[in-house]
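Heads up: the structure comes next, in structure tokens.
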Amino acid sequence: MSDNVTGNIKTQLPVPSNWPEDIAYLNDLTYSAAVTSEQRTALGRTTTDLEGHARITAEQIATTQSRARIRIISDPKHPAHKQRGLFTASDLPPDSFILLYQGHVHTNSLSDTNSKSDYDLSLDRLLDLSVDACSSGNESRFCNDYRGITERPNAEFRDCFIQVPSEKRAGGSKWERRVGIFVLSAGNAGLRKKGIREGEEVCVSYGKQYWESRKVVAGFRKDAEMLRVATAALEL
Ligand SMILES: C[S@@+](CC[C@H](N)C(=O)[O-])C[C@H]1O[C@@H](n2cnc3c(N)ncnc32)[C@H](O)[C@@H]1O
């Protein structure tokens, strides 16, 4: 087994500043009992299947907190005022890896899904698995949608792989599927060639569907504030 493999498993980052007390801080994914061993196996890949995907090293995981920090948003004009956001702790060039999206992996069946979660992200559509960071996760759960904050997103969710030990695989390791947050590429015109500067907020696009479904949930809950925020996000 290589050092990388051991390192990925043993990387224990300290609970970061501004972490909420009622949420468990995770160093790796946890799995619902409903996730089958076949689904777990299918999340693993041999090196030949990894074409086009970033391979995240143990060192990149261990240095997460030198790139990403949580801040409580004090600007009253920010649409997530008094909530938390994800900010960079150093200058990050285009396409660089920021951090992994940690949380609880669950199947997309109704009984295994927390319909109230604002932190649920698809992990693998074909396998019908998602990662929910509602009750446990890492800094990534605080990444806000760009609408009302910046003109456009500066980061995105991307599929990636990390190396984990496997007694069954030759070489004693396998590559396992994760979702990470990455700085957007520079773009053909090079408009984003500066990447993200130290101290800037990391913002992705949740997609219109996220805000549409929040509008529906707000209607069910008769939550006027939630409806206002979702409507405002959709108007931008
Ligand atoms: C995944 S959480 C992001 C972290 C959140 N700010 C927190 O402190 O837990 C998603 C929630 O953050 C808020 N949020 C994220 N982006 C927003 C935006 N652009 N405008 C308004 N609210 C936003 C909404 O309440 C949304 O449901």
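Ligands are numbered from 1 in the order shown, chains are lettered A, B, ... in the order of the structure tokens, and residues start at 1 in each chain.
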* To do: Please check which protein, DNA or RNA residues sit within 6 Å of ligand 1, counting only C-alpha atoms and all ligand atoms, and write them as a ChimeraX atom specification.
  => /A:79-80,83-85,118-119,141-149,229,233
Produce a file of the selected residues containing N, CA and C atoms, as an mmCIF file, in the first residue's frame.
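Final file, part.cif:
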```cif
data_model
loop_
_atom_site.group_PDB
_atom_site.id
_atom_site.type_symbol
_atom_site.label_atom_id
_atom_site.label_comp_id
_atom_site.auth_asym_id
_atom_site.auth_seq_id
_atom_site.Cartn_x
_atom_site.Cartn_y
_atom_site.Cartn_z
ATOM 1 N N PRO A 79 -26.905 38.309 0.351
ATOM 2 C CA PRO A 79 -28.193 37.601 0.500
ATOM 3 C C PRO A 79 -28.176 36.499 1.569
ATOM 4 N N ALA A 80 -26.985 36.055 1.971
ATOM 5 C CA ALA A 80 -26.906 35.051 3.043
ATOM 6 C C ALA A 80 -26.344 35.696 4.319
ATOM 7 N N GLN A 83 -25.473 34.185 7.821
ATOM 8 C CA GLN A 83 -25.179 32.765 7.629
ATOM 9 C C GLN A 83 -23.662 32.625 7.445
ATOM 10 N N ARG A 84 -23.239 31.421 7.037
ATOM 11 C CA ARG A 84 -21.814 31.207 6.774
ATOM 12 C C ARG A 84 -21.564 31.130 5.270
ATOM 13 N N GLY A 85 -20.300 31.340 4.916
ATOM 14 C CA GLY A 85 -19.883 31.199 3.526
ATOM 15 C C GLY A 85 -18.491 30.581 3.496
ATOM 16 N N ASP A 118 -30.908 21.284 2.795
ATOM 17 C CA ASP A 118 -30.444 22.281 1.815
ATOM 18 C C ASP A 118 -29.034 21.949 1.331
ATOM 19 N N TYR A 119 -28.523 20.784 1.719
ATOM 20 C CA TYR A 119 -27.105 20.473 1.526
ATOM 21 C C TYR A 119 -26.914 19.169 0.751
ATOM 22 N N ARG A 141 -19.823 22.513 2.816
ATOM 23 C CA ARG A 141 -21.273 22.696 2.967
ATOM 24 C C ARG A 141 -21.655 24.180 3.053
ATOM 25 N N PHE A 142 -20.651 25.032 3.258
ATOM 26 C CA PHE A 142 -20.938 26.467 3.383
ATOM 27 C C PHE A 142 -20.733 27.238 2.080
ATOM 28 N N CYS A 143 -20.519 26.514 0.995
ATOM 29 C CA CYS A 143 -20.328 27.193 -0.289
ATOM 30 C C CYS A 143 -21.684 27.696 -0.802
ATOM 31 N N ASN A 144 -21.797 29.003 -0.967
ATOM 32 C CA ASN A 144 -23.058 29.615 -1.392
ATOM 33 C C ASN A 144 -23.191 29.649 -2.910
ATOM 34 N N ASP A 145 -24.431 29.834 -3.362
ATOM 35 C CA ASP A 145 -24.721 30.059 -4.779
ATOM 36 C C ASP A 145 -24.348 31.512 -5.113
ATOM 37 N N TYR A 146 -23.861 31.755 -6.311
ATOM 38 C CA TYR A 146 -23.335 33.090 -6.665
ATOM 39 C C TYR A 146 -24.414 34.168 -6.788
ATOM 40 N N ARG A 147 -25.693 33.756 -6.970
ATOM 41 C CA ARG A 147 -26.746 34.739 -7.286
ATOM 42 C C ARG A 147 -26.883 35.794 -6.181
ATOM 43 N N GLY A 148 -26.755 37.045 -6.561
ATOM 44 C CA GLY A 148 -26.874 38.145 -5.596
ATOM 45 C C GLY A 148 -25.582 38.423 -4.849
ATOM 46 N N ILE A 149 -24.531 37.620 -5.131
ATOM 47 C CA ILE A 149 -23.251 37.796 -4.428
ATOM 48 C C ILE A 149 -22.182 38.299 -5.407
ATOM 49 N N VAL A 229 -36.271 34.633 -0.618
ATOM 50 C CA VAL A 229 -34.876 34.387 -1.029
ATOM 51 C C VAL A 229 -34.835 33.597 -2.343
ATOM 52 N N ALA A 233 -33.420 34.900 -5.930
ATOM 53 C CA ALA A 233 -32.325 34.192 -6.617
ATOM 54 C C ALA A 233 -32.714 33.884 -8.057
#
```
Counting only C-alpha atoms, closest pick from A:Leu227, A:Leu123, A:Val105, A:Leu86 relative to Ile72 in chain A is A:Leu86
| message | Please list as an NGL selection string every residue within 10 Å of His53 in chain A, counting only C-alpha atoms and excluding residues in the same chain fewer than 4 positions away. | response | :A and (49 or 158-161 or 177)
Q.
With DSSP run on the backbone, what are the alpha helix (DSSP H) residues within range 8-147 of chain A? I'd like them as a ChimeraX atom specification.
A. /A:8-10,37-42,58-62
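In this model, the gap between CA of Val15 in chain A and CA of Tyr210 in chain A comes to 28.4 Å.
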DSSP on the backbone, strand (DSSP E or B) only: what residues of range 45-103 of chain A does that give? Format it as an MDAnalysis selection string. chainID A and resid 45 54:56 68:72 84:88 92 97:100
Could you please take those selected residues and save C-alpha atoms as an mmCIF file, in the first residue's frame?
```cif
data_model
loop_
_atom_site.group_PDB
_atom_site.id
_atom_site.type_symbol
_atom_site.label_atom_id
_atom_site.label_comp_id
_atom_site.auth_asym_id
_atom_site.auth_seq_id
_atom_site.Cartn_x
_atom_site.Cartn_y
_atom_site.Cartn_z
ATOM 1 C CA ARG A 45 -12.549 2.352 -10.129
ATOM 2 C CA ALA A 54 -8.850 14.745 -11.270
ATOM 3 C CA ARG A 55 -7.062 12.375 -8.918
ATOM 4 C CA ILE A 56 -6.860 14.040 -5.542
ATOM 5 C CA ALA A 68 -10.636 27.107 2.361
ATOM 6 C CA ARG A 69 -12.073 28.869 5.408
ATOM 7 C CA ILE A 70 -15.526 29.421 6.810
ATOM 8 C CA ARG A 71 -16.644 32.970 7.556
ATOM 9 C CA ILE A 72 -19.800 34.306 9.106
ATOM 10 C CA ARG A 84 -21.814 31.207 6.774
ATOM 11 C CA GLY A 85 -19.883 31.199 3.526
ATOM 12 C CA LEU A 86 -16.762 29.519 2.129
ATOM 13 C CA PHE A 87 -13.759 31.793 1.497
ATOM 14 C CA THR A 88 -10.289 31.180 0.098
ATOM 15 C CA LEU A 92 -6.001 29.719 -6.211
ATOM 16 C CA PHE A 97 -8.841 21.706 -6.420
ATOM 17 C CA ILE A 98 -10.234 23.436 -3.347
ATOM 18 C CA LEU A 99 -11.791 20.694 -1.205
ATOM 19 C CA LEU A 100 -13.930 17.555 -1.177
#
```
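Distance annotation: of A:Thr231, A:Asn154, A:Ser213, A:Ser109, the residue with the minimal separation from Pro93 in chain A is A:Asn154; atom set is only C-alpha atoms.
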